[in-house]
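The structure file structure30.txt is reproduced below (compact mmCIF, C-alpha atoms).
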```txt
# COMPACT_ATOMS: atom_id res chain seq x y z
CA GLU A 695 151.62 162.46 83.23
CA GLY A 696 149.65 160.09 85.46
CA ALA A 697 147.38 157.25 84.52
CA VAL A 698 143.73 157.91 83.82
CA PHE A 699 141.52 155.95 86.19
CA GLU A 700 138.24 154.54 84.94
CA VAL A 701 135.22 153.66 87.03
CA PRO A 702 132.44 151.65 85.36
CA ILE A 703 128.92 153.04 85.79
CA LYS A 704 126.52 150.21 86.74
CA ARG A 705 123.37 152.23 86.10
CA ARG A 706 121.82 155.61 86.79
CA GLU A 707 119.18 156.47 89.35
CA GLY A 708 117.44 159.77 88.83
CA GLY A 709 120.31 160.74 86.53
CA VAL A 710 122.96 160.00 89.18
CA ALA A 711 125.65 157.44 88.34
CA VAL A 712 125.77 154.36 90.56
CA VAL A 713 129.20 152.72 90.97
CA ASP A 714 130.65 149.79 92.92
CA VAL A 715 132.98 150.76 95.76
CA THR A 716 135.08 148.21 97.67
CA PHE A 717 136.03 148.98 101.27
CA ASN A 718 138.77 147.37 103.36
CA GLY A 719 139.74 145.21 100.41
CA ASN A 720 136.80 142.86 100.65
CA LYS A 721 133.32 144.36 100.90
CA THR A 722 131.71 145.93 97.83
CA TYR A 723 128.70 148.24 97.89
CA GLU A 724 126.79 150.27 95.34
CA MET A 725 127.14 154.00 95.94
CA TYR A 726 125.96 157.18 94.28
CA PHE A 727 128.76 159.08 92.54
CA ASP A 728 127.94 162.47 94.03
CA THR A 729 129.72 165.48 92.59
CA GLY A 730 128.10 167.64 95.27
CA ALA A 731 129.30 165.60 98.22
CA SER A 732 132.53 166.59 99.94
CA GLY A 733 133.33 163.21 101.41
CA ILE A 734 132.26 159.61 101.57
CA LEU A 735 128.92 159.10 103.31
CA LEU A 736 128.13 155.55 104.37
CA THR A 737 124.69 154.39 105.45
CA SER A 738 124.55 153.29 109.08
CA LYS A 739 123.98 149.69 107.92
CA VAL A 740 127.09 149.62 105.71
CA ALA A 741 129.20 151.25 108.42
CA GLN A 742 128.02 148.58 110.84
CA GLU A 743 128.85 145.77 108.37
CA LEU A 744 132.32 147.24 107.86
CA GLY A 745 132.85 147.64 111.61
CA VAL A 746 133.67 151.35 111.30
CA ARG A 747 134.36 152.81 114.73
CA VAL A 748 132.92 156.28 115.21
CA VAL A 749 135.63 158.56 116.63
CA SER A 750 133.79 161.89 116.44
CA THR A 751 130.74 163.57 114.98
CA ALA A 752 130.24 166.32 112.42
CA THR A 753 127.37 168.20 110.84
CA SER A 754 126.73 167.47 107.19
CA THR A 755 124.36 169.24 104.82
CA VAL A 756 122.51 166.85 102.53
CA ALA A 757 121.11 167.63 99.06
CA SER A 758 117.76 168.73 100.48
CA GLY A 759 119.60 171.43 102.44
CA GLU A 760 118.84 169.64 105.70
CA GLU A 761 121.67 169.42 108.21
CA ILE A 762 122.24 166.02 109.76
CA GLU A 763 124.65 164.88 112.42
CA VAL A 764 127.00 162.22 111.07
CA GLY A 765 129.52 159.97 112.71
CA VAL A 766 133.14 160.19 111.57
CA GLY A 767 135.41 157.16 111.29
CA THR A 768 137.95 155.59 108.95
CA VAL A 769 138.17 152.61 106.61
CA SER A 770 141.48 150.95 105.79
CA SER A 771 141.01 151.28 102.02
CA VAL A 772 138.63 152.49 99.33
CA LYS A 773 138.73 151.07 95.81
CA VAL A 774 136.65 152.42 92.96
CA GLY A 775 137.33 151.22 89.42
CA ASN A 776 141.12 150.89 89.17
CA LEU A 777 141.83 153.60 91.76
CA THR A 778 142.69 152.52 95.31
CA LEU A 779 143.13 154.84 98.29
CA GLY A 780 144.65 153.83 101.62
CA GLU A 781 143.16 154.77 104.97
CA THR A 782 140.32 157.18 104.32
CA GLU A 783 137.97 159.16 106.53
CA VAL A 784 134.28 158.40 106.10
CA ASN A 785 131.09 159.93 107.43
CA ILE A 786 128.29 157.73 108.70
CA ALA A 787 124.68 158.73 108.19
CA PRO A 788 122.25 158.35 111.09
CA PRO A 789 119.87 155.37 110.68
CA SER A 790 117.05 157.84 110.03
CA ALA A 791 118.77 158.90 106.79
CA ASP A 792 119.25 155.41 105.34
CA GLU A 793 115.82 155.38 103.71
CA GLY A 794 116.35 158.75 102.01
CA LEU A 795 119.65 157.45 100.65
CA LYS A 796 117.81 154.35 99.34
CA GLY A 797 120.31 152.27 101.27
CA MET A 798 123.23 153.63 99.24
CA GLY A 799 126.01 155.87 100.39
CA LEU A 800 127.56 158.82 98.58
CA LEU A 801 130.99 158.82 97.00
CA GLY A 802 132.26 162.41 97.19
CA GLN A 803 135.29 164.55 96.53
CA THR A 804 137.51 162.82 99.11
CA VAL A 805 138.07 160.23 96.39
CA TYR A 806 138.39 162.31 93.24
CA GLY A 807 139.18 165.83 94.42
CA ASP A 808 142.72 165.76 92.95
CA TYR A 809 141.43 164.75 89.52
CA ASP A 810 139.57 166.26 86.60
CA VAL A 811 136.44 164.14 86.35
CA THR A 812 134.57 163.31 83.15
CA ILE A 813 131.29 161.44 83.48
CA LYS A 814 130.73 159.56 80.23
CA GLU A 815 127.93 157.20 79.22
CA LYS A 816 129.38 154.02 80.69
CA VAL A 817 132.44 155.13 82.68
CA ILE A 818 133.67 157.96 84.85
CA GLU A 819 137.22 159.07 84.07
CA PHE A 820 139.61 160.57 86.63
CA LYS A 821 142.50 162.43 85.04
CA PRO A 822 145.32 163.56 87.34
CA ARG A 823 145.63 167.36 87.38
CA LYS A 824 148.87 168.74 86.01
```

Encoded form (structure tokens):
Amino acid sequence: EGAVFEVPIKRREGGVAVVDVTFNGNKTYEMYFDTGASGILLTSKVAQELGVRVVSTATSTVASGEEIEVGVGTVSSVKVGNLTLGETEVNIAPPSADEGLKGMGLLGQTVYGDYDVTIKEKVIEFKPRK
């Protein structure tokens, strides 16, 4: 019986919840809570601000169905609501994709894949799976 984690929803854009995510313990960014995304996708600008070092590349399919080449790196921590993860792999969008993302990254299943997720009006709940 684990704790239920709660993530406040700041607002919605086009029906998608926007949440605050803190990286490396000190930098907070707004991100889309994306139930369709497999990982964490940072914009190139955010990755640069965080000093994420690209160690490899991967191909990622975005919502439009378009495949983009993304950089792969790690951040030392990811905190969303009252849930904190240690070192976590992140994908970095090419600069050309920043505009389509409206300057916001995607928070995907890397973070909540082990939980049952309930998106409520003002919060997103993560319940540990039995």

List as a Markdown table every residue of stretch 759-807 of chain A that is in contact with stretch 728-747 of chain A, defined as an atom at most 6 Å from one of its atoms (using only C-alpha atoms), together with the nearest atom pair and the distance in Å rounded to one decimal, sorted by chain and then rising number.
```
| residue | atom | partner | partner_atom | distance |
| --- | --- | --- | --- | --- |
| A:Gly767 | CA | A:Arg747 | CA | 5.6 |
| A:Val784 | CA | A:Ile734 | CA | 5.1 |
| A:Asn785 | CA | A:Leu735 | CA | 4.7 |
| A:Ile786 | CA | A:Leu736 | CA | 4.9 |
| A:Ala787 | CA | A:Thr737 | CA | 5.1 |
| A:Pro788 | CA | A:Ser738 | CA | 5.9 |
| A:Pro789 | CA | A:Ser738 | CA | 5.4 |
| A:Asp792 | CA | A:Thr737 | CA | 5.5 |
| A:Gly799 | CA | A:Leu736 | CA | 4.5 |
| A:Leu800 | CA | A:Leu735 | CA | 4.9 |
| A:Leu801 | CA | A:Ile734 | CA | 4.8 |
| A:Gly802 | CA | A:Gly733 | CA | 4.4 |
| A:Gln803 | CA | A:Ser732 | CA | 4.8 |
| A:Thr804 | CA | A:Gly733 | CA | 4.8 |
```

For this session: Have a look at A:Phe717, A:Phe727, A:Tyr809, A:Phe820 and name the one nearest to A:Val698; count only C-alpha atoms.
Result: A:Phe820

Exercise. Residues at most 8 Å from A:Val772, counting all atoms listed in the file, excluding those fewer than 4 positions away in the same chain, as a PyMOL selection string?
Worked result: chain A and resi 715-719+778-782

Keeping C-alpha atoms, export the residues of the selection given above as a CSV table (one decimal), in the coordinates of the input.
```
chain,number,residue,atom,x,y,z
A,715,VAL,CA,133.0,150.8,95.8
A,716,THR,CA,135.1,148.2,97.7
A,717,PHE,CA,136.0,149.0,101.3
A,718,ASN,CA,138.8,147.4,103.4
A,719,GLY,CA,139.7,145.2,100.4
A,778,THR,CA,142.7,152.5,95.3
A,779,LEU,CA,143.1,154.8,98.3
A,780,GLY,CA,144.6,153.8,101.6
A,781,GLU,CA,143.2,154.8,105.0
A,782,THR,CA,140.3,157.2,104.3
```

Problem set entry | 12 Å contact set for A:Lys814, only C-alpha atoms, chain neighbours under 6 positions out, as a ChimeraX atom specification | /A:700-703,705-706,710-711,820

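Coordinates place atom CA of A:Gly696 at a distance of 7.5 Å from atom CA of A:Lys821.
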
For this session: May I have the residues within 7 Å of A:Glu724 as a PyMOL selection string, using all atoms listed in the file and disregarding those fewer than 4 positions away in the same chain?
Result: chain A and resi 712-715+798

Deliver the residues from the most recent selection as a file, using C-alpha atoms, as a PDB file, keeping the file's coordinate frame.
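As written to disk, result_16.pdb reads:
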```
ATOM      1  CA  VAL A 712     125.770 154.360  90.560  1.00  0.00           C
ATOM      2  CA  VAL A 713     129.200 152.720  90.970  1.00  0.00           C
ATOM      3  CA  ASP A 714     130.650 149.790  92.920  1.00  0.00           C
ATOM      4  CA  VAL A 715     132.980 150.760  95.760  1.00  0.00           C
ATOM      5  CA  MET A 798     123.230 153.630  99.240  1.00  0.00           C
TER       6      MET A 798
END
```

Give, as AutoDock Vina command-line options, the centre coordinates and the x, y and z edge lengths in Å to one decimal for an axis-aligned box around all listed atoms of stretch 712-718 of chain A, padded by 8 Å on each side.
```
--center_x 132.3 --center_y 150.9 --center_z 97.0 --size_x 29.0 --size_y 23.0 --size_z 28.8
```

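Here atom CA of A:Tyr726 is placed at a distance of 20.8 Å from atom CA of A:Ala752.
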
Problem set entry | Atom-to-atom span, atom CA of A:Thr722 and atom CA of A:Val774, Å | 9.5 Å

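The nearest approach to A:Ser750 among the residues A:Ser770, A:Val817, A:Glu783, A:Met725, with only C-alpha atoms taken into account, belongs to A:Glu783.
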